[in-house]
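Colleague: What follows is final_14.cif, made up of mmCIF, C-alpha atoms and all ligand atoms:
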```cif
data_model
loop_
_atom_site.label_atom_id
_atom_site.label_comp_id
_atom_site.auth_asym_id
_atom_site.auth_seq_id
_atom_site.Cartn_x
_atom_site.Cartn_y
_atom_site.Cartn_z
CA VAL A 28 71.55 75.71 185.98
CA ARG A 29 72.69 78.98 187.55
CA LEU A 30 76.48 79.17 187.65
CA GLN A 31 76.53 80.36 191.24
CA SER A 32 74.65 77.27 192.44
CA MET A 33 77.08 74.84 190.82
CA GLN A 34 79.40 72.56 192.73
CA VAL A 35 83.12 73.32 192.55
CA SER A 36 84.35 71.16 189.67
CA ALA A 37 86.92 70.79 186.97
CA TYR A 38 84.57 72.58 184.60
CA ASP A 39 81.51 74.67 185.18
CA LEU A 40 79.94 73.16 182.08
CA ALA A 41 80.56 70.34 179.64
CA VAL A 42 79.10 70.57 176.15
CA ILE A 43 78.57 67.15 174.57
CA GLY A 44 78.94 67.61 170.80
CA GLY A 45 81.15 70.04 168.90
CA GLY A 46 78.96 70.74 165.89
CA VAL A 47 77.83 74.23 165.03
CA ILE A 48 75.40 74.25 167.96
CA GLY A 49 77.74 72.91 170.65
CA LEU A 50 80.63 75.13 169.56
CA ALA A 51 78.44 78.24 169.40
CA CYS A 52 77.15 77.46 172.91
CA ALA A 53 80.70 76.89 174.17
CA TRP A 54 81.83 80.22 172.73
CA ARG A 55 79.01 82.22 174.31
CA LEU A 56 79.33 80.40 177.66
CA ALA A 57 83.11 80.93 177.73
CA GLN A 58 82.59 84.60 176.89
CA ASP A 59 80.46 84.79 180.04
CA GLY A 60 83.41 83.52 182.06
CA ALA A 61 82.40 79.87 182.50
CA ALA A 62 85.04 77.12 182.42
CA VAL A 63 83.76 75.02 179.50
CA ALA A 64 84.80 71.66 178.04
CA VAL A 65 83.50 70.62 174.61
CA ILE A 66 83.51 66.84 174.22
CA ASP A 67 83.59 65.51 170.65
CA PRO A 68 85.85 62.93 168.95
CA ALA A 69 85.47 64.78 165.61
CA PRO A 70 84.30 68.38 166.04
CA GLY A 71 82.55 69.85 163.03
CA GLN A 72 82.21 66.51 161.20
CA GLY A 73 78.50 65.85 161.85
CA ALA A 74 75.51 67.46 160.14
CA SER A 75 77.36 70.78 160.25
CA TYR A 76 79.87 69.35 157.75
CA ALA A 77 77.17 68.72 155.17
CA ALA A 78 75.15 71.92 155.55
CA ALA A 79 74.64 74.10 152.51
CA GLY A 80 74.68 77.13 154.79
CA MET A 81 71.50 78.74 153.54
CA LEU A 82 70.15 81.37 155.93
CA ALA A 83 66.71 81.16 154.46
CA PRO A 84 63.83 81.59 156.91
CA VAL A 85 61.53 83.10 154.27
CA THR A 86 62.21 80.58 151.49
CA GLU A 87 62.07 77.66 153.95
CA ILE A 88 58.63 78.60 155.25
CA HIS A 89 56.08 75.83 155.48
CA SER A 90 52.61 76.67 156.67
CA GLY A 91 52.06 75.84 160.32
CA GLU A 92 55.66 76.57 161.31
CA GLU A 93 55.23 80.24 162.12
CA ALA A 94 57.06 80.10 165.46
CA VAL A 95 60.15 78.68 163.72
CA LEU A 96 59.79 81.39 161.08
CA ARG A 97 59.84 84.14 163.71
CA LEU A 98 62.93 82.64 165.36
CA GLY A 99 64.60 82.27 161.96
CA LEU A 100 63.85 85.87 161.00
CA GLU A 101 65.33 87.09 164.25
CA ALA A 102 68.41 84.91 163.70
CA ALA A 103 68.78 86.15 160.12
CA GLU A 104 68.57 89.76 161.22
CA ARG A 105 71.30 89.26 163.80
CA TYR A 106 73.50 87.22 161.46
CA PRO A 107 75.68 90.05 160.07
CA ALA A 108 76.56 91.22 163.59
CA PHE A 109 77.23 87.62 164.68
CA VAL A 110 79.50 87.06 161.67
CA ALA A 111 81.38 90.32 162.27
CA GLU A 112 82.01 89.41 165.92
CA LEU A 113 82.99 85.83 165.08
CA GLU A 114 85.37 86.83 162.27
CA GLN A 115 86.98 89.35 164.62
CA SER A 116 87.30 86.82 167.46
CA SER A 117 88.56 83.93 165.33
CA GLY A 118 90.59 85.87 162.77
CA SER A 119 89.01 83.92 159.89
CA ALA A 120 86.32 84.58 157.30
CA VAL A 121 83.13 82.51 157.25
CA GLY A 122 81.91 83.20 153.71
CA TYR A 123 78.78 85.20 154.53
CA ARG A 124 77.04 86.34 151.32
CA ALA A 125 73.98 88.60 151.27
CA CYS A 126 73.16 87.22 147.84
CA GLY A 127 69.41 86.51 147.96
CA THR A 128 67.52 83.39 146.88
CA LEU A 129 65.64 82.77 143.64
CA THR A 130 63.04 80.00 143.64
CA VAL A 131 62.04 78.92 140.15
CA ALA A 132 59.06 77.02 138.76
CA LEU A 133 59.45 74.72 135.77
CA ASP A 134 55.81 74.08 134.90
CA ALA A 135 52.28 75.33 135.57
CA GLY A 136 51.88 73.13 138.66
CA ASP A 137 55.14 74.42 140.20
CA SER A 138 54.15 77.94 139.30
CA ALA A 139 50.84 77.61 141.15
CA VAL A 140 52.68 76.27 144.24
CA LEU A 141 55.14 79.17 144.04
CA ASP A 142 52.21 81.64 143.89
CA ASP A 143 50.60 80.03 146.96
CA VAL A 144 53.85 80.22 148.94
CA ALA A 145 54.35 83.86 147.87
CA ASP A 146 50.77 84.65 149.05
CA LEU A 147 51.52 83.08 152.42
CA GLN A 148 54.83 84.95 152.66
CA ARG A 149 53.12 88.27 151.90
CA ARG A 150 50.30 87.56 154.37
CA LEU A 151 52.98 87.12 157.04
CA GLY A 152 54.53 90.45 156.04
CA LEU A 153 57.59 88.91 154.37
CA ARG A 154 59.34 90.43 151.38
CA VAL A 155 59.11 88.39 148.19
CA GLN A 156 59.14 89.53 144.59
CA ALA A 157 57.22 87.59 141.92
CA LEU A 158 59.04 87.39 138.58
CA THR A 159 58.26 86.00 135.14
CA GLY A 160 60.49 83.26 133.79
CA ARG A 161 62.20 85.82 131.56
CA GLU A 162 62.89 88.14 134.49
CA GLY A 163 64.31 85.21 136.41
CA ARG A 164 66.62 84.33 133.52
CA ARG A 165 67.75 87.92 133.29
CA LEU A 166 68.98 87.60 136.90
CA GLU A 167 70.47 84.15 136.30
CA PRO A 168 71.25 83.65 132.61
CA LEU A 169 72.17 79.96 133.05
CA LEU A 170 68.66 78.99 134.17
CA ALA A 171 66.89 76.54 131.85
CA PRO A 172 65.06 78.31 129.01
CA GLY A 173 61.75 76.70 130.00
CA ILE A 174 61.56 78.35 133.45
CA ARG A 175 57.99 79.49 133.84
CA SER A 176 58.11 81.87 136.79
CA ALA A 177 60.28 82.73 139.77
CA ALA A 178 60.20 84.33 143.22
CA LEU A 179 63.06 86.43 144.54
CA VAL A 180 63.73 86.73 148.27
CA GLU A 181 66.54 89.26 148.63
CA GLY A 182 66.72 88.75 152.40
CA ASP A 183 67.66 85.02 152.36
CA HIS A 184 71.45 84.80 152.49
CA GLN A 185 74.16 82.16 152.99
CA VAL A 186 77.31 81.34 154.91
CA ASP A 187 79.95 78.60 154.50
CA GLY A 188 78.98 76.17 157.27
CA ARG A 189 82.42 74.52 157.42
CA CYS A 190 84.25 77.84 157.78
CA LEU A 191 81.66 78.90 160.35
CA THR A 192 82.13 75.78 162.48
CA ALA A 193 85.94 76.03 162.29
CA ALA A 194 85.79 79.71 163.29
CA LEU A 195 83.48 78.92 166.20
CA GLN A 196 85.96 76.35 167.49
CA VAL A 197 88.84 78.85 167.31
CA ALA A 198 86.75 81.57 168.98
CA ALA A 199 85.56 79.19 171.72
CA GLU A 200 89.14 78.06 172.42
CA ARG A 201 90.41 81.64 172.43
CA ALA A 202 87.69 82.48 174.96
CA GLY A 203 89.03 79.67 177.18
CA ALA A 204 86.95 76.61 176.21
CA VAL A 205 88.79 73.29 176.07
CA VAL A 206 88.03 70.76 173.31
CA VAL A 207 88.27 67.16 174.54
CA ARG A 208 88.52 64.83 171.54
CA ARG A 209 86.66 61.85 172.97
CA SER A 210 83.12 60.48 172.93
CA ALA A 211 80.87 60.95 175.93
CA ALA A 212 79.75 57.49 177.06
CA ALA A 213 77.47 58.58 179.91
CA VAL A 214 76.27 61.46 182.00
CA THR A 215 76.98 60.83 185.70
CA THR A 216 74.42 61.84 188.31
CA ARG A 217 73.92 61.95 192.06
CA ALA A 218 70.55 62.48 193.75
CA ASP A 219 68.88 63.18 190.37
CA ARG A 220 71.39 65.86 189.43
CA VAL A 221 74.16 65.94 186.84
CA THR A 222 77.64 65.57 188.34
CA GLY A 223 79.72 65.07 185.22
CA VAL A 224 80.43 63.13 182.06
CA ARG A 225 82.13 59.76 181.64
CA LEU A 226 84.21 59.54 178.48
CA ASP A 227 84.63 56.44 176.30
CA ASP A 228 88.08 55.79 177.84
CA GLY A 229 86.56 55.71 181.34
CA THR A 230 87.78 59.18 182.38
CA GLU A 231 85.26 61.18 184.36
CA LEU A 232 84.92 64.93 183.99
CA ALA A 233 83.28 66.65 186.95
CA THR A 234 80.99 69.45 185.86
CA GLY A 235 78.14 71.50 187.26
CA ALA A 236 75.96 71.17 184.19
CA VAL A 237 75.92 69.49 180.79
CA VAL A 238 74.73 71.00 177.52
CA LEU A 239 73.60 68.14 175.29
CA ALA A 240 74.37 69.17 171.70
CA ALA A 241 75.19 65.79 170.16
CA GLY A 242 72.96 66.38 167.14
CA ALA A 243 71.17 63.31 165.78
CA ARG A 244 72.86 61.16 168.44
CA CYS A 245 71.41 62.96 171.44
CA GLY A 246 69.32 59.91 172.32
CA ASP A 247 72.40 57.66 172.51
CA LEU A 248 73.68 58.51 175.98
CA ASP A 249 73.79 56.31 179.10
CA GLY A 250 72.97 57.66 182.53
CA VAL A 251 70.16 59.97 181.46
CA PRO A 252 66.59 58.96 182.30
CA GLY A 253 64.53 58.43 179.15
CA GLU A 254 62.21 61.35 179.80
CA ALA A 255 65.18 63.76 179.96
CA LEU A 256 66.63 62.76 176.58
CA PRO A 257 65.57 65.13 173.78
CA PRO A 258 63.34 63.22 171.33
CA VAL A 259 65.46 63.66 168.20
CA ARG A 260 65.65 61.32 165.25
CA PRO A 261 68.23 61.19 162.44
CA VAL A 262 67.04 62.73 159.16
CA LYS A 263 69.52 61.76 156.46
CA GLY A 264 70.65 64.40 153.99
CA GLN A 265 72.80 63.71 150.93
CA VAL A 266 74.48 66.67 149.28
CA LEU A 267 77.01 67.28 146.48
CA ARG A 268 79.82 69.78 146.01
CA LEU A 269 80.84 70.91 142.55
CA ARG A 270 83.52 73.41 141.59
CA VAL A 271 83.02 76.30 139.19
CA PRO A 272 86.32 76.87 137.32
CA PRO A 273 87.39 80.55 137.21
CA ALA A 274 86.56 80.82 133.50
CA TYR A 275 82.88 79.95 134.18
CA ARG A 276 82.33 82.33 137.11
CA PRO A 277 80.11 83.62 138.49
CA PHE A 278 77.97 80.77 137.02
CA LEU A 279 75.20 81.65 139.50
CA SER A 280 75.04 84.90 141.50
CA ARG A 281 72.56 83.79 144.14
CA THR A 282 71.03 80.63 145.59
CA VAL A 283 68.67 78.95 143.12
CA ARG A 284 65.96 76.58 144.32
CA GLY A 285 63.14 74.68 142.70
CA THR A 286 61.02 71.55 142.77
CA VAL A 287 61.50 68.95 140.07
CA ARG A 288 58.94 66.11 139.82
CA GLY A 289 58.02 66.80 143.41
CA PHE A 290 61.62 66.74 144.71
CA PRO A 291 63.04 69.99 146.10
CA VAL A 292 66.56 70.87 144.95
CA TYR A 293 68.87 73.81 145.58
CA LEU A 294 72.14 75.19 144.21
CA VAL A 295 74.17 77.39 146.55
CA PRO A 296 77.09 79.23 144.89
CA ARG A 297 79.94 80.30 147.16
CA GLU A 298 82.23 83.24 146.49
CA ASP A 299 85.23 80.86 146.23
CA GLY A 300 83.71 78.82 143.37
CA GLU A 301 82.18 75.97 145.39
CA LEU A 302 78.66 75.07 144.27
CA VAL A 303 76.59 73.06 146.75
CA VAL A 304 73.76 70.96 145.31
CA GLY A 305 71.33 69.41 147.76
CA ALA A 306 69.72 67.75 149.42
CA THR A 307 67.78 64.61 150.10
CA GLN A 308 65.63 64.22 153.19
CA GLU A 309 65.37 60.57 154.18
CA GLU A 310 64.21 58.68 157.27
CA GLN A 311 66.79 55.84 157.24
CA GLY A 312 67.91 55.57 160.85
CA TYR A 313 71.63 56.08 161.41
CA ASP A 314 72.66 55.19 157.85
CA GLU A 315 75.24 57.63 156.41
CA THR A 316 76.00 55.99 153.06
CA VAL A 317 76.02 58.00 149.86
CA THR A 318 73.81 56.25 147.34
CA ALA A 319 74.03 56.28 143.56
CA GLY A 320 70.30 56.97 143.43
CA ALA A 321 70.59 60.17 145.45
CA VAL A 322 73.57 61.45 143.44
CA TYR A 323 71.65 60.69 140.24
CA GLN A 324 68.48 62.38 141.47
CA LEU A 325 70.25 65.51 142.74
CA LEU A 326 72.22 65.95 139.50
CA ARG A 327 69.18 65.20 137.33
CA ASP A 328 67.02 67.73 139.18
CA ALA A 329 69.71 70.41 139.42
CA HIS A 330 70.34 69.90 135.69
CA ALA A 331 66.66 70.54 135.00
CA LEU A 332 67.06 73.99 136.60
CA VAL A 333 70.58 74.82 135.38
CA PRO A 334 71.60 72.61 132.41
CA ALA A 335 75.21 73.91 132.26
CA LEU A 336 75.84 72.25 135.62
CA THR A 337 76.92 69.01 133.92
CA GLU A 338 80.09 70.77 132.70
CA LEU A 339 81.39 71.28 136.24
CA PRO A 340 83.76 69.00 138.15
CA LEU A 341 81.95 67.01 140.86
CA VAL A 342 84.29 67.10 143.86
CA GLU A 343 82.37 65.62 146.77
CA SER A 344 79.32 63.65 147.81
CA THR A 345 78.40 63.59 151.48
CA ALA A 346 75.67 62.13 153.68
CA ARG A 347 75.01 63.29 157.23
CA LEU A 348 72.19 63.15 159.77
CA ARG A 349 70.13 66.18 160.75
CA PRO A 350 68.71 66.20 164.27
CA GLY A 351 64.92 66.23 163.79
CA SER A 352 62.42 66.56 166.64
CA PRO A 353 58.76 65.41 166.54
CA ASP A 354 57.63 68.89 165.40
CA ASN A 355 60.87 69.56 163.47
CA ALA A 356 61.57 72.58 165.68
CA PRO A 357 64.54 73.10 168.03
CA VAL A 358 64.64 71.50 171.48
CA VAL A 359 66.41 73.87 173.84
CA GLY A 360 66.61 74.39 177.58
CA PRO A 361 66.27 72.52 180.88
CA THR A 362 65.29 68.87 180.79
CA ALA A 363 63.76 66.52 183.35
CA LEU A 364 67.29 65.87 184.70
CA ASP A 365 68.54 68.71 186.89
CA GLY A 366 71.66 70.23 185.31
CA LEU A 367 71.09 68.76 181.84
CA VAL A 368 70.33 71.38 179.18
CA ALA A 369 69.26 70.37 175.67
CA ALA A 370 70.48 72.27 172.59
CA THR A 371 69.40 70.25 169.58
CA GLY A 372 66.59 69.46 167.13
CA HIS A 373 67.63 72.14 164.62
CA HIS A 374 66.86 69.88 161.69
CA ARG A 375 67.23 71.93 158.47
CA ASN A 376 68.14 75.22 160.18
CA GLY A 377 71.04 74.65 162.55
CA ILE A 378 73.43 76.98 160.76
CA LEU A 379 70.85 79.75 160.77
CA LEU A 380 69.85 79.16 164.39
CA ALA A 381 73.30 78.51 165.93
CA ASP A 382 73.87 81.90 167.49
CA VAL A 383 70.30 82.53 168.60
CA THR A 384 70.44 79.11 170.33
CA ALA A 385 73.83 79.77 171.92
CA ARG A 386 72.66 83.10 173.28
CA ALA A 387 69.58 81.44 174.73
CA VAL A 388 71.66 78.72 176.43
CA ALA A 389 74.07 81.34 177.81
CA ALA A 390 71.12 83.41 179.10
CA LEU A 391 69.63 80.33 180.73
CA VAL A 392 72.89 79.56 182.52
CA ARG A 393 73.29 83.22 183.53
CA ASP A 394 69.73 84.14 184.51
CA GLY A 395 67.98 80.81 185.01
CA VAL A 396 65.39 81.40 182.27
CA LEU A 397 65.22 81.02 178.51
CA PRO A 398 64.75 84.29 176.62
CA PRO A 399 61.20 84.78 175.25
CA GLU A 400 62.11 84.04 171.61
CA MET A 401 63.25 80.54 172.65
CA ALA A 402 60.36 79.82 175.01
CA PRO A 403 58.22 78.08 172.31
CA PHE A 404 61.09 75.64 171.77
CA ALA A 405 61.68 74.69 175.41
CA ALA A 406 62.72 71.04 175.77
CA HIS A 407 60.05 70.34 178.37
CA ARG A 408 57.25 70.81 175.79
CA PHE A 409 57.69 67.15 174.88
CA GLN A 410 57.94 65.98 178.48
CA THR A 411 54.72 67.81 179.28
CA ARG A 412 53.06 66.27 176.24
CA ALA A 413 54.37 62.80 177.14
CA MET A 414 53.15 63.19 180.71
CA THR A 415 49.72 64.38 179.56
CA GLU A 416 49.42 61.54 177.06
CA GLY A 417 50.52 59.09 179.76
CA ALA A 418 47.88 60.45 182.13
CA LEU A 419 45.16 60.15 179.48
CA ARG A 420 46.00 56.60 178.54
C1 LIG B 1 72.57 67.98 153.68
C2 LIG B 1 72.28 69.01 154.74
C3 LIG B 1 72.11 70.33 154.37
C4 LIG B 1 71.83 71.30 155.34
N1 LIG B 1 71.69 72.60 154.95
C5 LIG B 1 71.45 73.57 155.89
C6 LIG B 1 71.34 74.91 155.52
O1 LIG B 1 71.45 75.25 154.33
N2 LIG B 1 71.10 75.85 156.49
C7 LIG B 1 70.97 75.51 157.81
O2 LIG B 1 70.76 76.39 158.65
N3 LIG B 1 71.08 74.21 158.19
C8 LIG B 1 71.30 73.24 157.26
N4 LIG B 1 71.39 71.93 157.63
C9 LIG B 1 71.11 71.58 159.03
C10 LIG B 1 72.33 71.77 159.91
O3 LIG B 1 73.44 71.17 159.31
C11 LIG B 1 72.05 71.13 161.26
O4 LIG B 1 70.84 71.60 161.80
C12 LIG B 1 73.19 71.47 162.23
O5 LIG B 1 74.43 71.15 161.65
C13 LIG B 1 73.00 70.75 163.53
O6 LIG B 1 74.13 71.04 164.30
P1 LIG B 1 74.46 70.20 165.60
O7 LIG B 1 75.68 70.84 166.19
O8 LIG B 1 73.25 70.07 166.43
O9 LIG B 1 74.76 68.73 165.06
P2 LIG B 1 76.06 68.12 164.40
O10 LIG B 1 76.72 69.06 163.46
O11 LIG B 1 75.67 66.79 163.86
O12 LIG B 1 77.05 67.97 165.63
C14 LIG B 1 76.86 67.01 166.62
C15 LIG B 1 78.23 66.59 167.11
O13 LIG B 1 78.07 65.74 168.22
C16 LIG B 1 79.10 64.79 168.21
N5 LIG B 1 78.68 63.66 169.03
C17 LIG B 1 77.68 62.77 168.82
N6 LIG B 1 77.59 61.89 169.82
C18 LIG B 1 78.56 62.24 170.71
C19 LIG B 1 79.00 61.70 171.95
N7 LIG B 1 78.40 60.64 172.51
N8 LIG B 1 80.04 62.29 172.57
C20 LIG B 1 80.64 63.38 172.03
N9 LIG B 1 80.27 63.92 170.86
C21 LIG B 1 79.25 63.36 170.22
C22 LIG B 1 79.32 64.46 166.76
O14 LIG B 1 80.65 63.99 166.54
C23 LIG B 1 79.04 65.80 166.09
O15 LIG B 1 80.24 66.53 165.80
C24 LIG B 1 71.71 70.94 156.71
C25 LIG B 1 71.91 69.61 157.07
C26 LIG B 1 72.21 68.65 156.10
C27 LIG B 1 72.45 67.23 156.53
#
```
Please render this file's structure as structure tokens.
Ligand SMILES: Cc1cc2nc3c(=O)[nH]c(=O)nc-3n(C[C@H](O)[C@H](O)[C@H](O)COP(=O)(O)OP(=O)(O)OC[C@H]3O[C@@H](n4cnc5c(N)ncnc54)[C@H](O)[C@@H]3O)c2cc1C

Modeller:
Amino acid sequence: VRLQSMQVSAYDLAVIGGGVIGLACAWRLAQDGAAVAVIDPAPGQGASYAAAGMLAPVTEIHSGEEAVLRLGLEAAERYPAFVAELEQSSGSAVGYRACGTLTVALDAGDSAVLDDVADLQRRLGLRVQALTGREGRRLEPLLAPGIRSAALVEGDHQVDGRCLTAALQVAAERAGAVVVRRSAAAVTTRADRVTGVRLDDGTELATGAVVLAAGARCGDLDGVPGEALPPVRPVKGQVLRLRVPPAYRPFLSRTVRGTVRGFPVYLVPREDGELVVGATQEEQGYDETVTAGAVYQLLRDAHALVPALTELPLVESTARLRPGSPDNAPVVGPTALDGLVAATGHHRNGILLADVTARAVAALVRDGVLPPEMAPFAAHRFQTRAMTEGALR
């Protein structure tokens, strides 16, 4: 996918999908001087629209996902510089808050789980502070009186995902990228190489390479051989937005998370008074309906952590589909189809990983190789596995 080896075409690159990942890629590629088209009928309205915007590699750790942790830590460290550059380039704020994250335990069982996670975090050299319930309530006075213990991760921050996506679109356009508000129906090829994209109205865009960043719908494209399509599945997330009236602020000063009857729940307070309460994680295919059961469960569980929540206006309920890969890690880089680059599979961490992904895609286009931090997430890891499994069968 080197630029210099591309055919002369209307665009050097087409990015299919204008979510946080596609727009971030388009911005970095356009900054490198490429002529870029972003194809999306509704940019910013996919999973990126739902995201709570937590930048939480340490709190999100699950054992066995150490490679994702390392990538997330690197992304989190670079985030302030990324935000500063993006705000400068777009002229708009993205709501970055270095507020920290407090995970709370309601009972002895939760408390034991919290201790285990804190042990793992410390073993990996991560910074986490164990607190008693009382210390937790001193930090967040609206926490339920029964909170048993808590863990504070000062380094896990947040950003407003909608502002971020909008700013990325402005920055990408200012850098020369063109947003085409149509669906991509197919990738066109000649002699096993990408030649362009056919839109849903039949128009064909000639392009030297295609970045596939269509989120949960990456598998939905004609013209691409099956083995080149990134193996992503839709993972439904339902999330609520409440508003904290000025008289009640700050309400919460940092992100609060916990597990209630086995269900994880979080509350993310924005500077502007928005309070995001999320999120379900459901394997329901392409279903994007908001269900009464999910709204009930999210409010019930958030109420168990912060009882005063029921006083707040509920302003929005949203369901969107996260792009999940078989190992729930990103899928980035060259695919089995020459000229097709995958940039997807970010599952629960696409906001956090947007810039680190975009830089990797830009480096790939520039230098022909993925940078080392992205190597564990190369798209061909699944093709290799599929080929090996095929050979063994
Ligand atoms: C409830 C919820 C909470 C989340 N919270 C967080 C969080 O706190 N922190 C975090 O880092 N991440 C979070 N995430 C995950 C994050 O939102 C995703 O990882 C990220 O948005 C993925 O971005 P994307 O650009 O790949 O996909 P999307 O945002 O879904 O964008 C894909 C785009 O592709 C377009 N598209 C699809 N098919 C086509 C086609 N054929 N032609 C043209 N365009 C097409 C769609 O219109 C869409 O705009 C959350 C997700 C959910 C659902």

Colleague: Between A:Ala389, A:Ala61, A:Arg288, A:Thr371, which has the minimum distance to Asp134 of chain A (counting all atoms listed in the file)?

Modeller: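 For Asp134 of chain A, the nearest of the given residues is A:Arg288.
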
Colleague: Using all atoms listed in the file, which residues sit within 9 Å of segment 155-161 of chain A once same-chain residues fewer than 3 positions away are excluded, as a PDB file with C-alpha atoms, in the frame of the given file?

Modeller:
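Output below, filename around_17.pdb:
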```
ATOM      1  CA  VAL A  85      61.530  83.100 154.270  1.00  0.00           C
ATOM      2  CA  VAL A 131      62.040  78.920 140.150  1.00  0.00           C
ATOM      3  CA  ALA A 132      59.060  77.020 138.760  1.00  0.00           C
ATOM      4  CA  LEU A 133      59.450  74.720 135.770  1.00  0.00           C
ATOM      5  CA  LEU A 141      55.140  79.170 144.040  1.00  0.00           C
ATOM      6  CA  ASP A 142      52.210  81.640 143.890  1.00  0.00           C
ATOM      7  CA  ALA A 145      54.350  83.860 147.870  1.00  0.00           C
ATOM      8  CA  GLN A 148      54.830  84.950 152.660  1.00  0.00           C
ATOM      9  CA  ARG A 149      53.120  88.270 151.900  1.00  0.00           C
ATOM     10  CA  ARG A 164      66.620  84.330 133.520  1.00  0.00           C
ATOM     11  CA  ARG A 165      67.750  87.920 133.290  1.00  0.00           C
ATOM     12  CA  LEU A 166      68.980  87.600 136.900  1.00  0.00           C
ATOM     13  CA  PRO A 172      65.060  78.310 129.010  1.00  0.00           C
ATOM     14  CA  GLY A 173      61.750  76.700 130.000  1.00  0.00           C
ATOM     15  CA  ILE A 174      61.560  78.350 133.450  1.00  0.00           C
ATOM     16  CA  ARG A 175      57.990  79.490 133.840  1.00  0.00           C
ATOM     17  CA  SER A 176      58.110  81.870 136.790  1.00  0.00           C
ATOM     18  CA  ALA A 177      60.280  82.730 139.770  1.00  0.00           C
ATOM     19  CA  ALA A 178      60.200  84.330 143.220  1.00  0.00           C
ATOM     20  CA  LEU A 179      63.060  86.430 144.540  1.00  0.00           C
ATOM     21  CA  VAL A 180      63.730  86.730 148.270  1.00  0.00           C
ATOM     22  CA  GLU A 181      66.540  89.260 148.630  1.00  0.00           C
ATOM     23  CA  GLY A 182      66.720  88.750 152.400  1.00  0.00           C
TER      24      GLY A 182
END
```

Colleague: For ligand LIG 1 (chain B), list the contacting residues at 7 Å or closer, counting all atoms listed in the file, as a PyMOL selection string.

Modeller: chain A and resi 43-49+66-82+209-212+240-245+247-248+263-266+305-307+346-350+371-380

Colleague: Deliver the residues from the most recent selection as a file, using C-alpha atoms, as a CSV table (one decimal), keeping the file's coordinate frame.

Modeller:
```
chain,number,residue,atom,x,y,z
A,43,ILE,CA,78.6,67.2,174.6
A,44,GLY,CA,78.9,67.6,170.8
A,45,GLY,CA,81.2,70.0,168.9
A,46,GLY,CA,79.0,70.7,165.9
A,47,VAL,CA,77.8,74.2,165.0
A,48,ILE,CA,75.4,74.2,168.0
A,49,GLY,CA,77.7,72.9,170.6
A,66,ILE,CA,83.5,66.8,174.2
A,67,ASP,CA,83.6,65.5,170.6
A,68,PRO,CA,85.8,62.9,169.0
A,69,ALA,CA,85.5,64.8,165.6
A,70,PRO,CA,84.3,68.4,166.0
A,71,GLY,CA,82.6,69.8,163.0
A,72,GLN,CA,82.2,66.5,161.2
A,73,GLY,CA,78.5,65.8,161.8
A,74,ALA,CA,75.5,67.5,160.1
A,75,SER,CA,77.4,70.8,160.2
A,76,TYR,CA,79.9,69.4,157.8
A,77,ALA,CA,77.2,68.7,155.2
A,78,ALA,CA,75.2,71.9,155.6
A,79,ALA,CA,74.6,74.1,152.5
A,80,GLY,CA,74.7,77.1,154.8
A,81,MET,CA,71.5,78.7,153.5
A,82,LEU,CA,70.2,81.4,155.9
A,209,ARG,CA,86.7,61.8,173.0
A,210,SER,CA,83.1,60.5,172.9
A,211,ALA,CA,80.9,61.0,175.9
A,212,ALA,CA,79.8,57.5,177.1
A,240,ALA,CA,74.4,69.2,171.7
A,241,ALA,CA,75.2,65.8,170.2
A,242,GLY,CA,73.0,66.4,167.1
A,243,ALA,CA,71.2,63.3,165.8
A,244,ARG,CA,72.9,61.2,168.4
A,245,CYS,CA,71.4,63.0,171.4
A,247,ASP,CA,72.4,57.7,172.5
A,248,LEU,CA,73.7,58.5,176.0
A,263,LYS,CA,69.5,61.8,156.5
A,264,GLY,CA,70.6,64.4,154.0
A,265,GLN,CA,72.8,63.7,150.9
A,266,VAL,CA,74.5,66.7,149.3
A,305,GLY,CA,71.3,69.4,147.8
A,306,ALA,CA,69.7,67.8,149.4
A,307,THR,CA,67.8,64.6,150.1
A,346,ALA,CA,75.7,62.1,153.7
A,347,ARG,CA,75.0,63.3,157.2
A,348,LEU,CA,72.2,63.2,159.8
A,349,ARG,CA,70.1,66.2,160.8
A,350,PRO,CA,68.7,66.2,164.3
A,371,THR,CA,69.4,70.2,169.6
A,372,GLY,CA,66.6,69.5,167.1
A,373,HIS,CA,67.6,72.1,164.6
A,374,HIS,CA,66.9,69.9,161.7
A,375,ARG,CA,67.2,71.9,158.5
A,376,ASN,CA,68.1,75.2,160.2
A,377,GLY,CA,71.0,74.6,162.6
A,378,ILE,CA,73.4,77.0,160.8
A,379,LEU,CA,70.8,79.8,160.8
A,380,LEU,CA,69.8,79.2,164.4
```

Colleague: I need the residue nearest Cys190 of chain A from this list: A:Asp299, A:Phe278, A:Val207, A:Pro252. Use all atoms listed in the file for the distance.

Modeller: A:Asp299

Colleague: What does the distance between atom CA of Glu338 of chain A and atom CA of Pro272 of chain A come to in Å, to one decimal place?

Modeller: 9.9 Å

Colleague: Show me, as a VMD selection string, the residues that have an atom within 12 Å of Gly250 of chain A when counting only C-alpha atoms, minus same-chain residues fewer than 4 positions from it.

Modeller: chain A and resid 211 to 217 219 to 225 246 254 to 256 364 367

Colleague: Give, as AutoDock Vina command-line options, the centre coordinates and the x, y and z edge lengths in Å to one decimal for an axis-aligned box around all listed atoms of segment 285-298 of chain A, padded by 4 Å on each side.

Modeller:
```
--center_x 70.1 --center_y 74.7 --center_z 143.5 --size_x 32.2 --size_y 25.1 --size_z 15.3
```

Colleague: Would you mind reading off the distance between atom CA of Leu294 of chain A and atom CA of Gly320 of chain A, one decimal, in Å?

Modeller: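 Value for the atom CA of Leu294 of chain A-atom CA of Gly320 of chain A distance: 18.3 Å.
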